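Chemist: One structure follows; several queries about it will come next.
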Number of protein chains: 2
Amino acid sequence: MRYAAGVDVGGTNIVCGVLDETGHVVSKRKYPTAPDKGANAILRGIAAMIEELRVEAGVASEDLEVIGLGIPGLVDPAAGMSRRAVNLQWEQVPVVAELRAMTGKPVYIDNDVRMYVYGEAAAGAGRGHDYVYGITIGTGLAAAFVNRGEMYHGHRFMAGEIGHVPVDGIDFACNCGRTGCLETLVSATGIARLARRKLEQGQSSLLRAWFPDATAIRASDVSQACLQGDALAKEVLDRTGRALGEALAWVVPILSPDAIVIGGGGALAGDLLFEPMKQELDRRLLQDYRGHFVVKSAELNDNAGIIGSALYALHRNKSE
Amino acid sequence: MRYAAGVDVGGTNIVCGVLDETGHVVSKRKYPTAPDKGANAILRGIAAMIEELRVEAGVASEDLEVIGLGIPGLVDPAAGMSRRAVNLQWEQVPVVAELRAMTGKPVYIDNDVRMYVYGEAAAGAGRGHDYVYGITIGTGLAAAFVNRGEMYHGHRFMAGEIGHVPVDGIDFACNCGRTGCLETLVSATGIARLARRKLEQGQSSLLRAWFPDATAIRASDVSQACLQGDALAKEVLDRTGRALGEALAWVVPILSPDAIVIGGGGALAGDLLFEPMKQELDRRLLQDYRGHFVVKSAELNDNAGIIGSALYALHRNKSE
C-alpha cells in the first residue's frame, strides 16, 4: 500500500492527515494555524505533525511516499510557490522547497479549492465521473475542474474565479472592489447579507424575533427559518439558488461536465438552495444537456481537502 | 514530410485539401455538397477527390498518412459516427468506417467548429498559446476549446454550445424552440435580425434607403452602414458586441484561456463588434484576468477547417 500526507492549510485551522492510496484517512489532526508566527514556523509545524501522524498510523517512513498541500489564495503549483494568501499573511512563500528540505519527501501544492474538488472527484461525490466541476460556497465562491482525472488550471493557474462575475440585479459591494459579483450573493456570507438587507427593508420574518441584532445572522439561520416556513428566508435562498443556476447555465455548455459537485458551508442549505438552482438551470439549458449530468452535494466534508491533497500528490508523483 | 488530407464538410460546399504536417495547403478544391445523393455518395466523392488532389500535389500514396474531416452537427469522434447533421440529411452515418474502407487510410472526424478552432490554435491566431478558446459567429454561434494542444470534448462530446444560453433583454425566437438564446443576437443572422427589428420600430437609418426590402439586409450591410456613421447600425453592433462580452466574461474565469479567437462571417465586422465586446468584458472581469489573454480575429479564413482537420488527424495518428 502507498501512503501520503494530505494537508489543508486554512487561515484559522490546519488539517493534517496520513492517508492510504484509496483515500482512506489513517490518522489526522486539526490545529490552529497561528499565522503570526510566520510561514517557516507554520511549515515546520506541518512537517512535525506529519511525522507524528505517520508514527501514530504505524506507517514506515519509507512507505510515506509524498506530501500534498492545499493552500488558499494564489498558488503556483509548477513553481511550488504560494504567491499570495492574505489570511495566512503569506507572500511568495517557496512551500515546496522548504517542506521538501524539512521532510525529504516530494511535495505537491495547489489551491485549496482545487484540492477539495480533486478529492470529491477522486473519492467523493464525483467518483466515477469523467468531467467534474466542483464549487465551494463558503465565505466566498470558487470553483475547480477535474478533467478526466487531471487537475485543470488554465493560464497562470487562474481558472475557477467564477465568484467575481457580476450578476444582473445584484448591488452588494464585493471585497474585490467592484459591485454585484456572484459571490456577494452566492456564499454563506451573501445569504446572511441578503437576509439582513430584507430585514432592513422592513420585511417581516422569524429572523427578526430570533436576532434582535441582525449582524449575528448566519446562513444556517436562514436555512433554519426557511424550514419553519419563513417567507423572507425562502426568498433569500430562492434568489441565491437562481443566481447559482444562472452561473451553471454557462458552465454546462462551456465544459459539458457529467458531474457538478457543490460543497462548502453554504451548500448545507441543501435542497432549499439546490431546488431553485436546478429550476433556473433547467430553464436556461439547451435540451441536449438536460438529464445528462448530475448535481450533487459534496460527500467528504472536512476530509475533502486532505483526501484531495494526498491523492493528487500520489497521482502526480506516479506520473512524473 | 508527413501529409494528410483535410476535409471540411458543409451543407452547401465541401472543401478538400492535401496538406503537409506544418499545415501548408499543397492542393485543394471546393465543390457543391449535393446532400440529396446520400451519405455514401458524398463519402465516395470525398475519397475520389482526395486521390485526385494527392496526385495533383505529387504526394506518393504511402506518404499521405491520414484523413481528417470536420462535420457539422453532432459528431461522435470516438465511435467515428456522425450522429446527426441536419443540413447534410445525415443520421447515424459511420463516416470513419466507410471512408477507411474506401481509402485504406486512418480517418479521424470531429465537429466542424472544433476542427476550425483546432486549425486556428495550431497554425492560426491561437498559435503559441496554451489554452485557446475559439468562437465562430456564423449562421449560429458555437465554440470549441483546445487545451494545450488537445481537443476538448466534454461529456458526450457536447462542450461548445454556448449559443443557446439565454441572455437577459433578448426576446428573439431561436431555432432550438426557445427564446432569447445568445445566438439569436450574436450571429450573422442575428445582427441582420436586430437591424430589421429596429427599422420596423421606425428608427431612421441608411439601411432603409439601401434596402426597400429589409429582408435582404445581411450582417455585412450593417457593418457597411456603421462605417458610414449610421446610428442604428452602430447600436446593433454595440448590442451584439456587448452580448458576446457578457458570454466571454463567463468563459474567462471558467477556463482562464490565454487566447480567444473569433471567426466566422459575423466576425468580419471586426472592431465594430470587438470594441464593445472588449469594453463589456473588461467591465465584467476580475482585475486578475485583465491583460492576461489576447482576443484575436481568426486568421486562416476558409482554410481553418481543412488545416484543423489535417493537423488534428496527424496529431491523433501519431499519439495512437
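Chains: A, B, ... in order of the C-alpha cells. Residues: from 1 per chain. Ligands: from 1, in order shown.
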Please identify every residue of chain B that has at least one atom no more than 10 Å from any atom of chain A, counting only C-alpha atoms, and report them as a PyMOL selection string.
Modeler: chain B and resi 129-133+142-145+147-148+152-168+176-181+246-259+283-289+292-293
Chemist: Near Ala39 (chain A), within 10 Å and counting only C-alpha atoms, which residues show up once chain neighbours fewer than 2 positions away are dropped, as a PyMOL selection string?
Modeler: chain A and resi 34-37+41-45+88-91+93-95+98
Chemist: Write the selection just made, keeping C-alpha atoms, as a short mmCIF file (atom, residue, chain, number, x, y, z; two decimals), in the first residue's frame?
Modeler:
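Dumped to selection-v6.cif:
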data_model
loop_
_atom_site.label_atom_id
_atom_site.label_comp_id
_atom_site.auth_asym_id
_atom_site.auth_seq_id
_atom_site.Cartn_x
_atom_site.Cartn_y
_atom_site.Cartn_z
CA ALA A 34 -1.12 30.80 14.15
CA PRO A 35 -0.24 32.84 11.06
CA ASP A 36 1.56 35.45 13.20
CA LYS A 37 4.46 33.06 13.71
CA ALA A 41 7.17 28.18 11.58
CA ILE A 42 3.88 27.01 10.09
CA LEU A 43 5.72 24.72 7.67
CA ARG A 44 7.93 23.35 10.44
CA GLY A 45 4.77 22.66 12.43
CA LEU A 88 -2.03 33.34 6.17
CA GLN A 89 -0.08 36.57 5.68
CA TRP A 90 1.93 34.69 3.04
CA GLU A 91 3.55 36.32 0.04
CA VAL A 93 6.48 31.52 0.05
CA PRO A 94 8.51 28.64 -1.51
CA VAL A 95 6.38 25.96 0.17
CA GLU A 98 11.03 24.40 2.26
#
Chemist: From a DSSP calculation on the backbone, collect every residue of region 86-208 of chain A in strand (DSSP E or B) and output the set as number ranges by chain.
Modeler: A: 90-93, 107-111, 131-137, 141-147, 150-152, 166, 173, 179, 181
Chemist: Mind pulling up the distance from CA of Gly138 (chain A) to CA of Val25 (chain A)?
Modeler: 23.7 Å
Chemist: Nearest to Ala57 (chain A): which of A:Gly124, A:Gly17, A:Pro106, A:Gly73 is it, counting only C-alpha atoms?
Modeler: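 Checking each of A:Gly124, A:Gly17, A:Pro106, A:Gly73 against Ala57 (chain A), counting only C-alpha atoms, the winner is A:Gly17.
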Chemist: Can you tell me how far CA of Lys278 (chain B) sits from CA of Leu185 (chain B), in Å to one decimal?
Modeler: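 If I compute the distance from CA of Lys278 (chain B) to CA of Leu185 (chain B), I get 16.9 Å.
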Chemist: Could you pull out all residues of region 9-64 of chain A with a DSSP call of helix (DSSP H, G or I) and give them as a PDB file with N, CA, C and O atoms, in the first residue's frame?
Modeler:
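part-v8.pdb, freshly written:
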ATOM      1  N   PRO A  35      -0.955  32.191  12.161  1.00  0.00           N
ATOM      2  CA  PRO A  35      -0.237  32.844  11.057  1.00  0.00           C
ATOM      3  C   PRO A  35       0.798  33.866  11.517  1.00  0.00           C
ATOM      4  O   PRO A  35       1.765  34.114  10.810  1.00  0.00           O
ATOM      5  N   ASP A  36       0.631  34.413  12.732  1.00  0.00           N
ATOM      6  CA  ASP A  36       1.562  35.446  13.201  1.00  0.00           C
ATOM      7  C   ASP A  36       2.989  34.932  13.362  1.00  0.00           C
ATOM      8  O   ASP A  36       3.939  35.697  13.324  1.00  0.00           O
ATOM      9  N   LYS A  37       3.111  33.619  13.523  1.00  0.00           N
ATOM     10  CA  LYS A  37       4.463  33.065  13.708  1.00  0.00           C
ATOM     11  C   LYS A  37       5.281  33.058  12.420  1.00  0.00           C
ATOM     12  O   LYS A  37       6.485  32.792  12.433  1.00  0.00           O
ATOM     13  N   ALA A  39       5.585  32.040   8.008  1.00  0.00           N
ATOM     14  CA  ALA A  39       5.425  30.891   7.120  1.00  0.00           C
ATOM     15  C   ALA A  39       6.342  29.735   7.516  1.00  0.00           C
ATOM     16  O   ALA A  39       5.934  28.573   7.549  1.00  0.00           O
ATOM     17  N   ASN A  40       7.587  30.043   7.831  1.00  0.00           N
ATOM     18  CA  ASN A  40       8.541  28.983   8.127  1.00  0.00           C
ATOM     19  C   ASN A  40       8.116  28.173   9.350  1.00  0.00           C
ATOM     20  O   ASN A  40       8.191  26.940   9.358  1.00  0.00           O
ATOM     21  N   ALA A  41       7.622  28.872  10.370  1.00  0.00           N
ATOM     22  CA  ALA A  41       7.171  28.178  11.579  1.00  0.00           C
ATOM     23  C   ALA A  41       5.953  27.301  11.288  1.00  0.00           C
ATOM     24  O   ALA A  41       5.848  26.178  11.794  1.00  0.00           O
ATOM     25  N   ILE A  42       5.053  27.807  10.454  1.00  0.00           N
ATOM     26  CA  ILE A  42       3.875  27.015  10.087  1.00  0.00           C
ATOM     27  C   ILE A  42       4.313  25.749   9.353  1.00  0.00           C
ATOM     28  O   ILE A  42       3.828  24.640   9.633  1.00  0.00           O
ATOM     29  N   LEU A  43       5.261  25.886   8.436  1.00  0.00           N
ATOM     30  CA  LEU A  43       5.720  24.724   7.668  1.00  0.00           C
ATOM     31  C   LEU A  43       6.474  23.737   8.569  1.00  0.00           C
ATOM     32  O   LEU A  43       6.321  22.520   8.424  1.00  0.00           O
ATOM     33  N   ARG A  44       7.255  24.247   9.498  1.00  0.00           N
ATOM     34  CA  ARG A  44       7.931  23.347  10.440  1.00  0.00           C
ATOM     35  C   ARG A  44       6.905  22.593  11.286  1.00  0.00           C
ATOM     36  O   ARG A  44       7.051  21.404  11.557  1.00  0.00           O
ATOM     37  N   GLY A  45       5.859  23.304  11.672  1.00  0.00           N
ATOM     38  CA  GLY A  45       4.774  22.661  12.429  1.00  0.00           C
ATOM     39  C   GLY A  45       4.117  21.550  11.628  1.00  0.00           C
ATOM     40  O   GLY A  45       3.815  20.471  12.155  1.00  0.00           O
ATOM     41  N   ILE A  46       3.917  21.796  10.338  1.00  0.00           N
ATOM     42  CA  ILE A  46       3.299  20.792   9.470  1.00  0.00           C
ATOM     43  C   ILE A  46       4.214  19.569   9.332  1.00  0.00           C
ATOM     44  O   ILE A  46       3.770  18.419   9.441  1.00  0.00           O
ATOM     45  N   ALA A  47       5.497  19.826   9.132  1.00  0.00           N
ATOM     46  CA  ALA A  47       6.460  18.715   8.985  1.00  0.00           C
ATOM     47  C   ALA A  47       6.472  17.844  10.244  1.00  0.00           C
ATOM     48  O   ALA A  47       6.453  16.606  10.157  1.00  0.00           O
ATOM     49  N   ALA A  48       6.454  18.496  11.391  1.00  0.00           N
ATOM     50  CA  ALA A  48       6.472  17.753  12.654  1.00  0.00           C
ATOM     51  C   ALA A  48       5.168  16.973  12.839  1.00  0.00           C
ATOM     52  O   ALA A  48       5.171  15.809  13.286  1.00  0.00           O
ATOM     53  N   MET A  49       4.060  17.593  12.488  1.00  0.00           N
ATOM     54  CA  MET A  49       2.762  16.933  12.633  1.00  0.00           C
ATOM     55  C   MET A  49       2.648  15.720  11.718  1.00  0.00           C
ATOM     56  O   MET A  49       2.123  14.676  12.111  1.00  0.00           O
ATOM     57  N   ILE A  50       3.156  15.842  10.491  1.00  0.00           N
ATOM     58  CA  ILE A  50       3.122  14.702   9.567  1.00  0.00           C
ATOM     59  C   ILE A  50       3.913  13.529  10.153  1.00  0.00           C
ATOM     60  O   ILE A  50       3.467  12.380  10.128  1.00  0.00           O
ATOM     61  N   GLU A  51       5.058  13.841  10.724  1.00  0.00           N
ATOM     62  CA  GLU A  51       5.905  12.788  11.311  1.00  0.00           C
ATOM     63  C   GLU A  51       5.160  12.111  12.472  1.00  0.00           C
ATOM     64  O   GLU A  51       5.132  10.886  12.577  1.00  0.00           O
ATOM     65  N   GLU A  52       4.532  12.940  13.303  1.00  0.00           N
ATOM     66  CA  GLU A  52       3.771  12.419  14.453  1.00  0.00           C
ATOM     67  C   GLU A  52       2.623  11.507  13.975  1.00  0.00           C
ATOM     68  O   GLU A  52       2.413  10.413  14.507  1.00  0.00           O
ATOM     69  N   LEU A  53       1.914  11.959  12.949  1.00  0.00           N
ATOM     70  CA  LEU A  53       0.768  11.195  12.446  1.00  0.00           C
ATOM     71  C   LEU A  53       1.218   9.905  11.763  1.00  0.00           C
ATOM     72  O   LEU A  53       0.524   8.886  11.801  1.00  0.00           O
ATOM     73  N   ARG A  54       2.375   9.970  11.099  1.00  0.00           N
ATOM     74  CA  ARG A  54       2.912   8.785  10.432  1.00  0.00           C
ATOM     75  C   ARG A  54       3.202   7.687  11.470  1.00  0.00           C
ATOM     76  O   ARG A  54       2.810   6.524  11.286  1.00  0.00           O
ATOM     77  N   VAL A  55       3.854   8.092  12.564  1.00  0.00           N
ATOM     78  CA  VAL A  55       4.188   7.140  13.628  1.00  0.00           C
ATOM     79  C   VAL A  55       2.900   6.571  14.235  1.00  0.00           C
ATOM     80  O   VAL A  55       2.736   5.361  14.387  1.00  0.00           O
ATOM     81  N   GLU A  56       1.972   7.484  14.518  1.00  0.00           N
ATOM     82  CA  GLU A  56       0.672   7.102  15.085  1.00  0.00           C
ATOM     83  C   GLU A  56      -0.059   6.104  14.182  1.00  0.00           C
ATOM     84  O   GLU A  56      -0.736   5.190  14.645  1.00  0.00           O
ATOM     85  N   ALA A  57       0.090   6.299  12.852  1.00  0.00           N
ATOM     86  CA  ALA A  57      -0.604   5.434  11.893  1.00  0.00           C
ATOM     87  C   ALA A  57       0.116   4.105  11.705  1.00  0.00           C
ATOM     88  O   ALA A  57      -0.405   3.201  11.047  1.00  0.00           O
ATOM     89  N   SER A  61       8.548   4.981   7.557  1.00  0.00           N
ATOM     90  CA  SER A  61       8.950   6.246   6.937  1.00  0.00           C
ATOM     91  C   SER A  61       9.058   6.117   5.420  1.00  0.00           C
ATOM     92  O   SER A  61       8.617   6.997   4.687  1.00  0.00           O
ATOM     93  N   GLU A  62       9.631   4.994   4.958  1.00  0.00           N
ATOM     94  CA  GLU A  62       9.821   4.855   3.506  1.00  0.00           C
ATOM     95  C   GLU A  62       8.499   4.589   2.776  1.00  0.00           C
ATOM     96  O   GLU A  62       8.433   4.743   1.556  1.00  0.00           O
ATOM     97  N   ASP A  63       7.460   4.215   3.506  1.00  0.00           N
ATOM     98  CA  ASP A  63       6.152   3.989   2.855  1.00  0.00           C
ATOM     99  C   ASP A  63       5.323   5.266   2.715  1.00  0.00           C
ATOM    100  O   ASP A  63       4.340   5.281   1.982  1.00  0.00           O
TER     101      ASP A  63
END
Chemist: What is the distance, in Å and to one decimal place, between CA of Ala173 (chain B) and CA of Thr240 (chain B)?
Modeler: 16.0 Å
Chemist: Using only C-alpha atoms, which residue out of A:Lys105, A:Arg193, A:Arg114, A:Arg290 lies closest to Val75 (chain A)?
Modeler: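 Checking each of A:Lys105, A:Arg193, A:Arg114, A:Arg290 against Val75 (chain A), counting only C-alpha atoms, the winner is A:Arg114.
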Chemist: Find the spatial neighbours of Ala225 (chain A), counting only C-alpha atoms, within a cut-off of 12 Å - ignore same-chain residues fewer than 3 positions away - and output them as a list in words.
Modeler: Ala192, Ala195, Ser204, Ser205, Leu206, Leu207, Arg208, Ala209, Trp210, Phe211, Ile217, Arg218, Ala219, Ser220, Asp221, Val222, Gln228, Gly229, Asp230, Ala231, Leu232, Ala233, Lys234, Glu235, Val236, Leu237, Ala269 and Leu272 of chain A
Chemist: If we count only C-alpha atoms, what is near region 304-318 of chain A at a cut-off of 6 Å, once residues fewer than 5 positions away on the same chain are taken out, given as a VMD selection string?
Modeler: chain A and resid 4 to 8 23 68 to 69 108 115 to 116 118 to 119
Chemist: Taking 6 positions as the minimum chain separation for residues in the same chain, which residues sit within 10 Å of Phe274 (chain B) when counting only C-alpha atoms? Answer as a PyMOL selection string.
Modeler: chain B and resi 237-238+240-242+244-245+262+267+280+295-297
Chemist: With C-alpha atoms retained, could you export that selection as a PDB file, in the first residue's frame?
Modeler:
ATOM      1  CA  LEU B 237     -23.196  46.097 -33.413  1.00  0.00           C
ATOM      2  CA  ASP B 238     -22.728  47.616 -29.953  1.00  0.00           C
ATOM      3  CA  THR B 240     -24.223  42.367 -30.250  1.00  0.00           C
ATOM      4  CA  GLY B 241     -20.675  43.033 -29.098  1.00  0.00           C
ATOM      5  CA  ARG B 242     -21.792  43.579 -25.519  1.00  0.00           C
ATOM      6  CA  LEU B 244     -20.610  38.491 -26.714  1.00  0.00           C
ATOM      7  CA  GLY B 245     -18.604  40.222 -23.986  1.00  0.00           C
ATOM      8  CA  ILE B 262     -13.156  34.782 -33.054  1.00  0.00           C
ATOM      9  CA  ALA B 267     -16.520  38.319 -37.125  1.00  0.00           C
ATOM     10  CA  GLU B 280     -18.140  44.806 -21.720  1.00  0.00           C
ATOM     11  CA  VAL B 295      -8.646  38.407 -28.224  1.00  0.00           C
ATOM     12  CA  LYS B 296      -7.930  37.957 -31.924  1.00  0.00           C
ATOM     13  CA  SER B 297      -9.718  37.525 -35.232  1.00  0.00           C
TER      14      SER B 297
END
